file my_file.pdb (PDB, C-alpha atoms)
ATOM      1  CA  MET A   1      -6.230 -24.760   0.885
ATOM      2  CA  LYS A   2      -9.238 -22.432   1.193
ATOM      3  CA  GLU A   3      -6.961 -19.804   2.733
ATOM      4  CA  ILE A   4      -4.621 -19.870  -0.278
ATOM      5  CA  GLN A   5      -7.563 -19.721  -2.683
ATOM      6  CA  ARG A   6      -8.850 -16.558  -0.996
ATOM      7  CA  ILE A   7      -5.462 -14.918  -1.559
ATOM      8  CA  LEU A   8      -5.370 -16.047  -5.196
ATOM      9  CA  GLU A   9      -8.789 -14.450  -5.718
ATOM     10  CA  ARG A  10      -7.790 -11.148  -4.129
ATOM     11  CA  ARG A  11      -9.008  -7.959  -5.791
ATOM     12  CA  SER A  12      -8.410  -4.294  -5.087
ATOM     13  CA  GLU A  13     -11.809  -3.487  -3.609
ATOM     14  CA  ARG A  14     -13.077   0.056  -4.174
ATOM     15  CA  ASN A  15     -16.733  -0.541  -3.331
ATOM     16  CA  TYR A  16     -17.699  -1.416   0.216
ATOM     17  CA  LYS A  17     -21.011  -2.302   1.812
ATOM     18  CA  LYS A  18     -22.203   0.095   4.482
ATOM     19  CA  ILE A  19     -21.631  -2.534   7.136
ATOM     20  CA  ALA A  20     -19.406  -2.059  10.162
ATOM     21  CA  ILE A  21     -16.625  -4.594  10.661
ATOM     22  CA  GLU A  22     -17.079  -6.672  13.797
ATOM     23  CA  GLN A  23     -14.776  -5.585  16.620
ATOM     24  CA  GLU A  24     -13.381  -9.086  17.063
ATOM     25  CA  LYS A  25     -12.280  -9.089  13.415
ATOM     26  CA  ILE A  26     -10.672  -5.665  13.768
ATOM     27  CA  LYS A  27      -8.816  -6.886  16.861
ATOM     28  CA  LYS A  28      -7.477  -9.888  14.965
ATOM     29  CA  ILE A  29      -6.217  -7.658  12.149
ATOM     30  CA  LEU A  30      -4.516  -5.327  14.633
ATOM     31  CA  ASP A  31      -2.975  -8.283  16.483
ATOM     32  CA  VAL A  32      -1.555  -9.518  13.166
ATOM     33  CA  ILE A  33      -0.047  -6.079  12.499
ATOM     34  CA  ASN A  34       1.644  -6.102  15.894
ATOM     35  CA  THR A  35       3.176  -9.519  15.194
ATOM     36  CA  SER A  36       4.481  -8.471  11.771
ATOM     37  CA  PRO A  37       8.270  -9.023  11.365
ATOM     38  CA  THR A  38      10.751  -6.148  11.313
ATOM     39  CA  SER A  39      14.356  -6.060  10.074
ATOM     40  CA  THR A  40      16.773  -6.977  12.916
ATOM     41  CA  ASN A  41      13.773  -6.691  15.276
ATOM     42  CA  SER A  42      14.116  -2.903  15.069
ATOM     43  CA  GLN A  43      10.348  -2.309  15.353
ATOM     44  CA  ASP A  44      10.653   0.478  12.781
ATOM     45  CA  PHE A  45       7.095   0.927  11.560
ATOM     46  CA  THR A  46       3.850   2.327  12.958
ATOM     47  CA  ALA A  47       0.227   1.754  11.923
ATOM     48  CA  ILE A  48      -2.394   4.445  12.539
ATOM     49  CA  ILE A  49      -6.128   3.801  12.288
ATOM     50  CA  VAL A  50      -7.816   6.832  10.731
ATOM     51  CA  THR A  51     -11.444   7.301  11.750
ATOM     52  CA  ASP A  52     -11.931  11.037  11.130
ATOM     53  CA  THR A  53     -14.065  11.492   7.998
ATOM     54  CA  GLU A  54     -12.788  15.006   7.264
ATOM     55  CA  LEU A  55      -9.207  13.780   7.412
ATOM     56  CA  LYS A  56     -10.068  10.973   5.005
ATOM     57  CA  LYS A  57     -11.494  13.575   2.607
ATOM     58  CA  GLU A  58      -8.291  15.602   2.786
ATOM     59  CA  ILE A  59      -6.164  12.524   2.096
ATOM     60  CA  THR A  60      -8.103  11.817  -1.121
ATOM     61  CA  LEU A  61      -7.089  15.258  -2.488
ATOM     62  CA  GLY A  62     -10.479  15.489  -4.194
ATOM     63  CA  TYR A  63      -9.804  12.549  -6.509
ATOM     64  CA  LYS A  64     -13.113  10.853  -7.325
ATOM     65  CA  ASN A  65     -11.417   7.470  -7.757
ATOM     66  CA  GLN A  66     -10.296   7.590  -4.126
ATOM     67  CA  VAL A  67     -13.717   7.830  -2.467
ATOM     68  CA  HIS A  68     -13.292   4.284  -1.124
ATOM     69  CA  ILE A  69     -10.926   5.798   1.448
ATOM     70  CA  ILE A  70     -13.838   7.808   2.844
ATOM     71  CA  GLU A  71     -16.361   4.993   2.580
ATOM     72  CA  ALA A  72     -14.220   2.159   3.923
ATOM     73  CA  PRO A  73     -15.207   1.007   7.434
ATOM     74  CA  LEU A  74     -11.508   0.644   8.314
ATOM     75  CA  PHE A  75      -8.603   2.734   6.997
ATOM     76  CA  ILE A  76      -5.047   2.220   8.231
ATOM     77  CA  ILE A  77      -1.939   4.256   7.390
ATOM     78  CA  PHE A  78       1.374   2.431   7.710
ATOM     79  CA  CYS A  79       4.440   4.545   8.424
ATOM     80  CA  ALA A  80       8.191   4.070   8.303
ATOM     81  CA  ASP A  81       9.177   5.020  11.844
ATOM     82  CA  MET A  82      12.688   5.203  13.308
ATOM     83  CA  ASN A  83      11.649   7.155  16.412
ATOM     84  CA  ARG A  84      11.959   4.105  18.684
ATOM     85  CA  ILE A  85      15.547   3.549  17.567
ATOM     86  CA  LYS A  86      16.294   7.253  17.964
ATOM     87  CA  TYR A  87      14.905   7.181  21.501
ATOM     88  CA  ILE A  88      16.982   4.213  22.702
ATOM     89  CA  SER A  89      20.118   5.748  21.194
ATOM     90  CA  GLU A  90      19.541   8.936  23.181
ATOM     91  CA  LYS A  91      18.527   6.989  26.279
ATOM     92  CA  ASN A  92      21.741   4.964  26.175
ATOM     93  CA  ASN A  93      23.931   7.853  24.968
ATOM     94  CA  LYS A  94      24.870   5.994  21.787
ATOM     95  CA  LYS A  95      25.579   7.764  18.533
ATOM     96  CA  ILE A  96      23.941   5.886  15.669
ATOM     97  CA  TYR A  97      23.439   6.408  11.948
ATOM     98  CA  THR A  98      19.810   6.165  10.848
ATOM     99  CA  ASN A  99      19.500   8.775   8.086
ATOM    100  CA  SER A 100      20.701   6.551   5.247
ATOM    101  CA  PHE A 101      18.623   5.539   2.261
ATOM    102  CA  ASN A 102      19.160   1.935   3.347
ATOM    103  CA  ASN A 103      17.515   2.587   6.714
ATOM    104  CA  PHE A 104      14.586   4.304   5.034
ATOM    105  CA  LEU A 105      14.304   1.359   2.647
ATOM    106  CA  THR A 106      14.222  -1.228   5.451
ATOM    107  CA  SER A 107      11.841   0.839   7.589
ATOM    108  CA  SER A 108       9.408   1.479   4.743
ATOM    109  CA  GLY A 109       9.804  -2.162   3.683
ATOM    110  CA  ASP A 110       8.728  -3.275   7.150
ATOM    111  CA  ALA A 111       5.703  -0.966   6.908
ATOM    112  CA  PHE A 112       4.749  -2.585   3.589
ATOM    113  CA  ILE A 113       5.194  -6.051   5.112
ATOM    114  CA  ALA A 114       2.869  -5.098   7.983
ATOM    115  CA  ALA A 115       0.318  -3.807   5.467
ATOM    116  CA  SER A 116       0.532  -7.117   3.594
ATOM    117  CA  PHE A 117       0.037  -9.069   6.820
ATOM    118  CA  ALA A 118      -3.022  -6.945   7.603
ATOM    119  CA  ALA A 119      -4.456  -7.395   4.109
ATOM    120  CA  ASN A 120      -4.018 -11.159   4.187
ATOM    121  CA  ALA A 121      -5.603 -11.355   7.643
ATOM    122  CA  ALA A 122      -8.570  -9.315   6.390
ATOM    123  CA  ILE A 123      -8.980 -11.593   3.366
ATOM    124  CA  GLN A 124      -9.029 -14.677   5.603
ATOM    125  CA  LEU A 125     -11.776 -12.991   7.649
ATOM    126  CA  GLY A 126     -13.971 -12.574   4.575
ATOM    127  CA  LEU A 127     -13.153  -8.900   4.025
ATOM    128  CA  GLY A 128     -11.901  -6.975   1.002
ATOM    129  CA  THR A 129      -8.916  -4.616   0.841
ATOM    130  CA  CYS A 130      -7.259  -1.978  -1.307
ATOM    131  CA  TYR A 131      -3.764  -0.551  -0.910
ATOM    132  CA  ILE A 132      -3.567   3.267  -1.002
ATOM    133  CA  GLY A 133      -0.356   4.751  -2.396
ATOM    134  CA  MET A 134      -2.100   8.140  -2.412
ATOM    135  CA  VAL A 135      -0.986   8.706   1.190
ATOM    136  CA  ARG A 136       2.477   9.623  -0.108
ATOM    137  CA  ALA A 137       0.917  12.459  -2.111
ATOM    138  CA  SER A 138      -0.652  13.759   1.125
ATOM    139  CA  ILE A 139       2.414  13.488   3.357
ATOM    140  CA  GLU A 140       2.378  17.058   4.660
ATOM    141  CA  LYS A 141      -1.358  16.997   5.466
ATOM    142  CA  ILE A 142      -1.017  13.623   7.179
ATOM    143  CA  GLN A 143       2.022  14.799   9.147
ATOM    144  CA  GLU A 144       0.063  17.771  10.412
ATOM    145  CA  LYS A 145      -3.198  15.991  11.222
ATOM    146  CA  LEU A 146      -1.687  12.825  12.701
ATOM    147  CA  ASN A 147       1.051  14.596  14.670
ATOM    148  CA  LEU A 148       3.851  12.770  12.836
ATOM    149  CA  THR A 149       7.004  14.248  14.350
ATOM    150  CA  GLY A 150      10.582  13.030  14.200
ATOM    151  CA  ASN A 151      11.714  10.258  11.857
ATOM    152  CA  ILE A 152       8.302   8.988  10.726
ATOM    153  CA  LEU A 153       6.698   9.065   7.281
ATOM    154  CA  PRO A 154       3.457   7.568   5.884
ATOM    155  CA  VAL A 155       4.303   5.158   3.073
ATOM    156  CA  ILE A 156       1.164   3.107   2.335
ATOM    157  CA  GLY A 157      -2.510   3.006   3.299
ATOM    158  CA  LEU A 158      -4.984   0.144   3.413
ATOM    159  CA  THR A 159      -8.785   0.234   3.205
ATOM    160  CA  ILE A 160     -10.734  -2.711   4.592
ATOM    161  CA  GLY A 161     -14.421  -3.589   4.450
ATOM    162  CA  TYR A 162     -17.051  -5.969   3.136
ATOM    163  CA  PRO A 163     -16.793  -5.835  -0.673
ATOM    164  CA  GLU A 164     -19.638  -4.963  -3.006
ATOM    165  CA  LEU A 165     -19.908  -4.790  -6.814
ATOM    166  CA  GLN A 166     -16.761  -6.789  -7.420
ATOM    167  CA  ASN A 167     -14.992  -6.785 -10.776
ATOM    168  CA  GLU A 168     -13.635  -9.941 -12.322
ATOM    169  CA  ILE A 169     -10.181 -11.020 -11.181
ATOM    170  CA  LYS A 170      -7.481  -9.295 -13.229
ATOM    171  CA  PRO A 171      -5.088 -11.374 -15.314
ATOM    172  CA  LYS A 172      -1.684 -11.733 -13.676
ATOM    173  CA  ILE A 173       1.798 -11.369 -15.146
ATOM    174  CA  ASN A 174       4.675 -13.704 -14.292
ATOM    175  CA  HIS A 175       7.189 -12.452 -11.696
ATOM    176  CA  ILE A 176       9.104 -15.684 -11.100
ATOM    177  CA  TYR A 177      12.321 -16.931 -12.712
ATOM    178  CA  ARG A 178      14.531 -19.842 -11.784
ATOM    179  CA  ASP A 179      18.265 -19.373 -11.171
ATOM    180  CA  LYS A 180      18.651 -16.554 -13.714
ATOM    181  CA  TYR A 181      16.757 -13.415 -14.661
ATOM    182  CA  ASP A 182      15.710 -13.262 -18.323
ATOM    183  CA  LEU A 183      15.063  -9.746 -19.646
ATOM    184  CA  GLU A 184      14.018 -10.955 -23.093
ATOM    185  CA  LYS A 185      11.406 -13.198 -21.512
ATOM    186  CA  VAL A 186      10.210 -10.225 -19.461
ATOM    187  CA  LYS A 187       9.582  -8.278 -22.662
ATOM    188  CA  GLU A 188       7.682 -11.164 -24.251
ATOM    189  CA  GLU A 189       5.538 -11.543 -21.138
ATOM    190  CA  VAL A 190       4.762  -7.806 -21.092
ATOM    191  CA  ASN A 191       3.503  -8.002 -24.674
ATOM    192  CA  ASP A 192       1.306 -10.995 -23.799
ATOM    193  CA  TYR A 193       0.059  -9.196 -20.678
ATOM    194  CA  ASP A 194      -0.924  -6.143 -22.719
ATOM    195  CA  GLU A 195      -3.176  -8.336 -24.843
ATOM    196  CA  ALA A 196      -4.684 -10.040 -21.790
ATOM    197  CA  MET A 197      -5.408  -6.725 -20.043
ATOM    198  CA  LEU A 198      -6.915  -5.210 -23.196
ATOM    199  CA  LYS A 199      -9.465  -8.045 -23.224
ATOM    200  CA  TYR A 200     -10.023  -7.729 -19.480
ATOM    201  CA  TYR A 201     -10.739  -3.985 -19.570
ATOM    202  CA  ASP A 202     -13.048  -4.440 -22.560
ATOM    203  CA  ASN A 203     -15.079  -7.269 -21.004
ATOM    204  CA  ARG A 204     -15.288  -6.486 -17.287
ATOM    205  CA  ASN A 205     -18.632  -5.579 -15.713
ATOM    206  CA  GLN A 206     -17.639  -2.119 -14.420
ATOM    207  CA  ASN A 207     -15.461   0.740 -15.685
ATOM    208  CA  LYS A 208     -14.813  -0.711 -19.126
ATOM    209  CA  LYS A 209     -12.107   1.038 -21.119
ATOM    210  CA  ASN A 210     -10.159   0.644 -24.325
ATOM    211  CA  SER A 211      -6.705   0.291 -22.812
ATOM    212  CA  ASN A 212      -3.947  -2.212 -22.138
ATOM    213  CA  TRP A 213      -1.539  -2.556 -19.216
ATOM    214  CA  SER A 214       1.163  -0.373 -20.793
ATOM    215  CA  ASP A 215      -1.203   2.542 -21.416
ATOM    216  CA  SER A 216      -2.740   2.414 -17.941
ATOM    217  CA  CYS A 217       0.585   2.036 -16.188
ATOM    218  CA  LEU A 218       2.479   4.704 -18.129
ATOM    219  CA  ASN A 219      -0.193   7.310 -17.384
ATOM    220  CA  VAL A 220       0.743   7.023 -13.722
ATOM    221  CA  PHE A 221       4.398   7.786 -14.423
ATOM    222  CA  LEU A 222       3.986  10.555 -17.005
ATOM    223  CA  ASP A 223       3.381  13.302 -14.430
ATOM    224  CA  ASP A 224       6.266  13.214 -11.944
ATOM    225  CA  LYS A 225       5.321  16.353  -9.980
ATOM    226  CA  VAL A 226       3.973  14.310  -7.088
ATOM    227  CA  SER A 227       7.019  12.046  -7.062
ATOM    228  CA  LYS A 228       9.405  14.992  -6.962
ATOM    229  CA  LYS A 229       7.495  16.565  -4.079
ATOM    230  CA  VAL A 230       7.472  13.274  -2.162
ATOM    231  CA  ASP A 231      11.217  12.861  -2.755
ATOM    232  CA  GLU A 232      11.867  16.294  -1.285
ATOM    233  CA  ILE A 233       9.794  15.588   1.824
ATOM    234  CA  ILE A 234      11.431  12.199   2.386
ATOM    235  CA  LYS A 235      14.916  13.713   2.159
ATOM    236  CA  LYS A 236      13.896  16.498   4.527
ATOM    237  CA  VAL A 237      12.325  14.288   7.184
ATOM    238  CA  TRP A 238      14.813  11.411   6.911
ATOM    239  CA  LYS A 239      17.728  13.815   6.304
ATOM    240  CA  ILE A 240      18.962  11.734   3.378
ATOM    241  CA  ASN A 241      21.715  13.453   1.406
TER     242      ASN A 241
END

call {"tool": "encode", "arguments": {"input": "my_file.pdb", "output": "structure tokens"}}
result
Amino acid sequence: MKEIQRILERRSERNYKKIAIEQEKIKKILDVINTSPTSTNSQDFTAIIVTDTELKKEITLGYKNQVHIIEAPLFIIFCADMNRIKYISEKNNKKIYTNSFNNFLTSSGDAFIAASFAANAAIQLGLGTCYIGMVRASIEKIQEKLNLTGNILPVIGLTIGYPELQNEIKPKINHIYRDKYDLEKVKEEVNDYDEAMLKYYDNRNQNKKNSNWSDSCLNVFLDDKVSKKVDEIIKKVWKIN
């Protein structure tokens, strides 16, 4: 049960000790990534370990709240990647259809699953993690620097290291319903969660703020310039109509 408890106590770690991760632990994490499941065994994701400090700086786009990407001992970018499928279709002279939104959804979903496997493995090894959605805002830079050609796109990043200066565990909202979805219950739970997060932000040890979940979350969605740019790049690379 200790393994489950570690997962239940997971935090998004943005402060890491300046301690290198043991090579045997890194190998275990990478082995877990390579055993991650893929839809119909299509092997449609790729994970790239980024070690170049200058590249890490470029990925952060100068955002001060993303410095953990630079400081993390281990940073992995997970990509939706249909190049293997493309290759075997050409090799076997088979015409296939891979440019659909559904194929992008399954490929990126498999990349997220692999990232989750890696994060859980890291947690079991006594390490901390933080998912990095910022990689989608840096798609063009990452494509250029990591030589991402063909049907491959970065969809999520993951920092890993020994955590330092941990915040308290955030309150959690319910995501589970039995037999039927209940929208009215969702609304009630959101209101309760706003109150819980307001107390959490006001009482935590670091980065206190007068905000609730709604305020913090909506700020992310107010400026859609990044989303529009990402949408354009995805359609261009994946050739989605």

call {"tool": "closest_residue", "arguments": {"input": "my_file.pdb", "among": "A:Thr51, A:Ala111, A:Lys95, A:Gln66", "to": "Pro37 (chain A)", "atoms": "all atoms listed in the file"}}
result
A:Ala111

call {"tool": "closest_residue", "arguments": {"input": "my_file.pdb", "among": "A:Ile19, A:Lys57, A:Lys199, A:Gly161", "to": "Ala122 (chain A)", "atoms": "all atoms listed in the file"}}
result
A:Gly161

call {"tool": "resolve_selection", "arguments": {"input": "my_file.pdb", "expression": "the PyMOL selection byres ((chain A and resi 12) around 10)", "output": "list in words"}}
result
Arg10, Arg11, Glu13, Arg14, Asn15, Gly128, Thr129, Cys130, Tyr131, Ile132, Thr159, Pro163, Gln166, Asn167, Ile169 and Lys170 of chain A

call {"tool": "atom_distance", "arguments": {"input": "my_file.pdb", "atom1": "CA of Ala119 (chain A)", "atom2": "CA of Thr149 (chain A)"}}
result
26.5 Å

call {"tool": "closest_residue", "arguments": {"input": "my_file.pdb", "among": "A:Pro171, A:Gly109, A:Gly133, A:Pro154", "to": "Ile233 (chain A)", "atoms": "all atoms listed in the file"}}
result
A:Pro154

call {"tool": "residues_around", "arguments": {"input": "my_file.pdb", "residues": "Ser216 (chain A)", "least_positions_apart": "5", "cutoff": "12 Å", "atoms": "only C-alpha atoms", "output": "ChimeraX atom specification"}}
result
/A:194,197-198,201,209-211,221-222

call {"tool": "residues_around", "arguments": {"input": "my_file.pdb", "residues": "Thr53 (chain A)", "least_positions_apart": "5", "cutoff": "9 Å", "atoms": "all atoms listed in the file", "output": "PyMOL selection string"}}
result
chain A and resi 58+70-71

call {"tool": "build_atoms", "arguments": {"input": "my_file.pdb", "residues": "region 152-177 of chain A", "atoms": "N, CA and C atoms", "output": "PDB file, in the coordinates of the input"}}
result
ATOM      1  N   ILE A 152       9.456   9.813  11.079  1.00  0.00           N
ATOM      2  CA  ILE A 152       8.302   8.988  10.726  1.00  0.00           C
ATOM      3  C   ILE A 152       7.637   9.547   9.480  1.00  0.00           C
ATOM      4  N   LEU A 153       7.320   8.663   8.536  1.00  0.00           N
ATOM      5  CA  LEU A 153       6.698   9.065   7.281  1.00  0.00           C
ATOM      6  C   LEU A 153       5.638   8.047   6.868  1.00  0.00           C
ATOM      7  N   PRO A 154       4.461   8.500   6.415  1.00  0.00           N
ATOM      8  CA  PRO A 154       3.457   7.568   5.884  1.00  0.00           C
ATOM      9  C   PRO A 154       3.901   7.044   4.532  1.00  0.00           C
ATOM     10  N   VAL A 155       3.834   5.726   4.339  1.00  0.00           N
ATOM     11  CA  VAL A 155       4.303   5.158   3.073  1.00  0.00           C
ATOM     12  C   VAL A 155       3.220   4.387   2.315  1.00  0.00           C
ATOM     13  N   ILE A 156       2.219   3.847   3.020  1.00  0.00           N
ATOM     14  CA  ILE A 156       1.164   3.107   2.335  1.00  0.00           C
ATOM     15  C   ILE A 156      -0.087   3.082   3.215  1.00  0.00           C
ATOM     16  N   GLY A 157      -1.246   3.125   2.573  1.00  0.00           N
ATOM     17  CA  GLY A 157      -2.510   3.006   3.299  1.00  0.00           C
ATOM     18  C   GLY A 157      -3.220   1.727   2.916  1.00  0.00           C
ATOM     19  N   LEU A 158      -4.223   1.352   3.699  1.00  0.00           N
ATOM     20  CA  LEU A 158      -4.984   0.144   3.413  1.00  0.00           C
ATOM     21  C   LEU A 158      -6.440   0.360   3.828  1.00  0.00           C
ATOM     22  N   THR A 159      -7.356   0.209   2.875  1.00  0.00           N
ATOM     23  CA  THR A 159      -8.785   0.234   3.205  1.00  0.00           C
ATOM     24  C   THR A 159      -9.273  -1.198   3.369  1.00  0.00           C
ATOM     25  N   ILE A 160     -10.202  -1.381   4.304  1.00  0.00           N
ATOM     26  CA  ILE A 160     -10.734  -2.711   4.592  1.00  0.00           C
ATOM     27  C   ILE A 160     -12.245  -2.609   4.805  1.00  0.00           C
ATOM     28  N   GLY A 161     -12.975  -3.559   4.253  1.00  0.00           N
ATOM     29  CA  GLY A 161     -14.421  -3.589   4.450  1.00  0.00           C
ATOM     30  C   GLY A 161     -15.037  -4.783   3.750  1.00  0.00           C
ATOM     31  N   TYR A 162     -16.339  -4.904   3.845  1.00  0.00           N
ATOM     32  CA  TYR A 162     -17.051  -5.969   3.136  1.00  0.00           C
ATOM     33  C   TYR A 162     -17.271  -5.524   1.689  1.00  0.00           C
ATOM     34  N   PRO A 163     -16.743  -6.272   0.722  1.00  0.00           N
ATOM     35  CA  PRO A 163     -16.793  -5.835  -0.673  1.00  0.00           C
ATOM     36  C   PRO A 163     -18.176  -5.910  -1.293  1.00  0.00           C
ATOM     37  N   GLU A 164     -18.391  -5.007  -2.253  1.00  0.00           N
ATOM     38  CA  GLU A 164     -19.638  -4.963  -3.006  1.00  0.00           C
ATOM     39  C   GLU A 164     -19.320  -4.614  -4.453  1.00  0.00           C
ATOM     40  N   LEU A 165     -20.112  -5.097  -5.389  1.00  0.00           N
ATOM     41  CA  LEU A 165     -19.908  -4.790  -6.814  1.00  0.00           C
ATOM     42  C   LEU A 165     -18.493  -5.134  -7.268  1.00  0.00           C
ATOM     43  N   GLN A 166     -18.112  -6.375  -7.075  1.00  0.00           N
ATOM     44  CA  GLN A 166     -16.761  -6.789  -7.420  1.00  0.00           C
ATOM     45  C   GLN A 166     -16.571  -6.931  -8.925  1.00  0.00           C
ATOM     46  N   ASN A 167     -15.385  -6.512  -9.402  1.00  0.00           N
ATOM     47  CA  ASN A 167     -14.992  -6.785 -10.776  1.00  0.00           C
ATOM     48  C   ASN A 167     -14.431  -8.195 -10.873  1.00  0.00           C
ATOM     49  N   GLU A 168     -14.292  -8.657 -12.111  1.00  0.00           N
ATOM     50  CA  GLU A 168     -13.635  -9.941 -12.322  1.00  0.00           C
ATOM     51  C   GLU A 168     -12.173  -9.853 -11.874  1.00  0.00           C
ATOM     52  N   ILE A 169     -11.579 -10.996 -11.597  1.00  0.00           N
ATOM     53  CA  ILE A 169     -10.181 -11.020 -11.181  1.00  0.00           C
ATOM     54  C   ILE A 169      -9.297 -10.637 -12.364  1.00  0.00           C
ATOM     55  N   LYS A 170      -8.381  -9.724 -12.151  1.00  0.00           N
ATOM     56  CA  LYS A 170      -7.481  -9.295 -13.229  1.00  0.00           C
ATOM     57  C   LYS A 170      -6.521 -10.413 -13.620  1.00  0.00           C
ATOM     58  N   PRO A 171      -6.156 -10.459 -14.906  1.00  0.00           N
ATOM     59  CA  PRO A 171      -5.088 -11.374 -15.314  1.00  0.00           C
ATOM     60  C   PRO A 171      -3.797 -11.009 -14.587  1.00  0.00           C
ATOM     61  N   LYS A 172      -2.943 -11.966 -14.389  1.00  0.00           N
ATOM     62  CA  LYS A 172      -1.684 -11.733 -13.676  1.00  0.00           C
ATOM     63  C   LYS A 172      -0.497 -11.947 -14.619  1.00  0.00           C
ATOM     64  N   ILE A 173       0.570 -11.207 -14.378  1.00  0.00           N
ATOM     65  CA  ILE A 173       1.798 -11.369 -15.146  1.00  0.00           C
ATOM     66  C   ILE A 173       2.796 -12.190 -14.337  1.00  0.00           C
ATOM     67  N   ASN A 174       3.676 -12.894 -14.991  1.00  0.00           N
ATOM     68  CA  ASN A 174       4.675 -13.704 -14.292  1.00  0.00           C
ATOM     69  C   ASN A 174       5.739 -12.829 -13.637  1.00  0.00           C
ATOM     70  N   HIS A 175       6.116 -13.146 -12.410  1.00  0.00           N
ATOM     71  CA  HIS A 175       7.189 -12.452 -11.696  1.00  0.00           C
ATOM     72  C   HIS A 175       8.319 -13.394 -11.293  1.00  0.00           C
ATOM     73  N   ILE A 176       8.208 -14.667 -11.663  1.00  0.00           N
ATOM     74  CA  ILE A 176       9.104 -15.684 -11.100  1.00  0.00           C
ATOM     75  C   ILE A 176      10.026 -16.260 -12.163  1.00  0.00           C
ATOM     76  N   TYR A 177      11.316 -16.329 -11.827  1.00  0.00           N
ATOM     77  CA  TYR A 177      12.321 -16.931 -12.712  1.00  0.00           C
ATOM     78  C   TYR A 177      13.211 -17.853 -11.885  1.00  0.00           C
TER      79      TYR A 177
END
